[in-house]
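Worksheet for the structure shown next.
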Protein chains: 2
Amino acid sequence: MTSPRFGVDSLHDLATSLLARGGVGTDAAQLVARSLLAADRAGIFSHGLLRLPLYLEVVAAGGIDPTSEPVVVRKFGGVTVLDGRCAFGQVTMQRAVELATESARTHGIATVAVQGSSHFGAGQFWTSQLAQQGIAGILSSTTGPVAAPFGGSQPVLGTNPLTLSLPSAGEGPLVADLATTAGAYGKIVAARNDGTEIPDGWGVDAAGTPTTDPGAVLDGGALLPFGGHKGSGIAVLLEGLSAALTSASFAVNTVDIWQDQSSRMNTGHLLIALDLAAFGDVDEIRAKVAQLQEEVRSSAPDGSVHSPGDLEHAHLTANADAVDLSESTVESLRALAALHDIPFPTPLTEGSSR
Amino acid sequence: MTSPRFGVDSLHDLATSLLARGGVGTDAAQLVARSLLAADRAGIFSHGLLRLPLYLEVVAAGGIDPTSEPVVVRKFGGVTVLDGRCAFGQVTMQRAVELATESARTHGIATVAVQGSSHFGAGQFWTSQLAQQGIAGILSSTTGPVAAPFGGSQPVLGTNPLTLSLPSAGEGPLVADLATTAGAYGKIVAARNDGTEIPDGWGVDAAGTPTTDPGAVLDGGALLPFGGHKGSGIAVLLEGLSAALTSASFAVNTVDIWQDQSSRMNTGHLLIALDLAAFGDVDEIRAKVAQLQEEVRSSAPDGSVHSPGDLEHAHLTANADAVDLSESTVESLRALAALHDIPFPTPLTEGSSR
């Protein structure tokens, strides 16, 4: 598959223009565009501009209210409960990051429990803002229902992403950013479309029997958490932390905007911020995190091991000015641009490999 | 293997008497005994009385100072840094739980970053104390070096246990309590002793090649994290959170007391406490957690799925008054009792099955 390369600025202009035509205000449009582009730059294409057409459909259908602003509905000490009121997940999370930063400076540790939100994109877009401020982050979220607990067949869990992040004196932060499902939903859809099998351990059919048939997983079956009963335990607890502490909806009570664009998902996120300065000397802690990154990188004699977050950081840096997009993403964006009579950017190169 | 059953009170008396002979004060001895017995009662035998002979050797060799008291070395808002000063990990963690509870009441969210600690037993012993107070808990710890990151061969990580816990209106708390290694160290030692293989994915040999030979893992190889690169990412971040924020030692700078009983491990723990009352109506949140537990239990048509923590809670309740011990644990405790001229309790039954 060819992957044309585009200037980041030109894609940012395109995305903000498309969002503006959809009724999204300038600040929100720029934030959403920046978040999607950061994911594409980091190589996390599933959370990149691929999502923009869906977002526009959701705004049109009422699942996201582009004029809404999140509001603080509860505040006690280092705990803030924030209601996204159906704004873009990105708009709500940006406010959550600001509130968590401010509160962590005051209390050393702070949390923002978010309700009434939607998709927030890639988790590390938010925790890396904290890392740049010398703040460690823990972030979890609900999603729509896709995964069964270990041993089960009913999808009572979401993909329940988890992001853990520590500031480092090294080049990039130490960050683990993962969905707690063994495989990605999008890859299972792609396998069905391509007529291929999925790996063992990714899913079960409607009877709860493990299967490598993507169709059986998607039609009445369920994805499985990564890591067997251990990963399942983590996924269940993230469901509880993200939905119960936040008064948001569990996966079972959520209709994803991928399924119904008018759905107001009431997604919950829990963001915990730990200000390094409260724990000790910030430079010493950051140096120690950098030391851990080096130990991980040198844990194989051939130097082949990456520390968590290394690859995304390298991609982000390499793609500071330009980014590859898949042909299918380009085509859908080109069609939208034509519809709205917005000029489509000229690719810098055609058909480089992803 | 036969498993004689003993009264909990009689084992508690035995353990505290043995600890007292080792120079451990009454309060610390009772706490350590209670923590070990709670693990045996919950079926977590690896953290039960099996460990008592080692603990006594460690006290005698100087790795744990039974007269030491943990001290707060730093306090800012909801953040407390606690130095265990080589006390029993249990003594230090009990203080951490008290400090976290008090601070969470004041700030809504609080953390105790622990340095200078040792083994603390099973993590859920600490988070369930929080759960009983209506407080959610996140707990991580360093250990000695045993695990290589995904793709590596050098053991730069510990077993890095993680405990996540939420209070529930149901019978027991929702709690995930797991080592982040795929298999338990003790089971790999047992497999070598028994001449059996270990499961795929548990370890690598010295060259970093995956192996099912327990000897190759133990002699120059390494355990692997659970869940492939996702579990590895979590394990690395837990290493950073538990050692960098706490100014404790990384696994690579730790000599475990199992290897050298005079080792002062400088173990680090990070305990985060979230007071439900700061987030909303406590009864509503607890009811919602109970609802999640029910959804997980009913996620298989045959009702075979347990919610995380269910099995341990059922065992704890069933073994409130009496507990099974393995013959090998009984024999080692009997020998110690004879050495110190302490009466050994009479088993309630002989040879029930574990």
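Letters for chains follow the order of the structure tokens (A, B, ...), residue numbers begin at 1 for each chain, and ligand numbers begin at 1 in the order shown.
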
Could you list, as an MDAnalysis selection string, every residue within 12 Å of Ala190 (chain B), counting only C-alpha atoms and ignoring same-chain residues fewer than 6 positions away?
chainID B and resid 183:184 196:198 213:215 218

Residues of chain B were defined as contacting chain A if any atom lay at most 7 Å from it, counting only C-alpha atoms; please report them as number ranges by chain.
B: 76-79, 81, 106-110, 148-149, 151-154, 156, 164, 176, 178, 226-227, 230, 233-234, 237, 240, 244-246, 276, 278-279, 285, 288-289, 295-296, 299-300, 305, 308

Using CA of Ala100 (chain B) and CA of Phe125 (chain A) as the two end points, give the distance in Å to one decimal.
29.8 Å

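Ranking A:Glu294, A:Asp310, A:Asp13, A:Asp40 by their shortest atom-to-atom distance to Ala122 (chain A), with only C-alpha atoms included, puts A:Asp40 first.
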
Residues of region 17-264 of chain B in strand (DSSP E or B) according to DSSP, as a VMD selection string?
chain B and resid 71 to 76 79 to 83 109 to 117 135 to 141 147 157 162 to 166 174 to 178 181 203 to 204 210 to 211 222 to 223 225
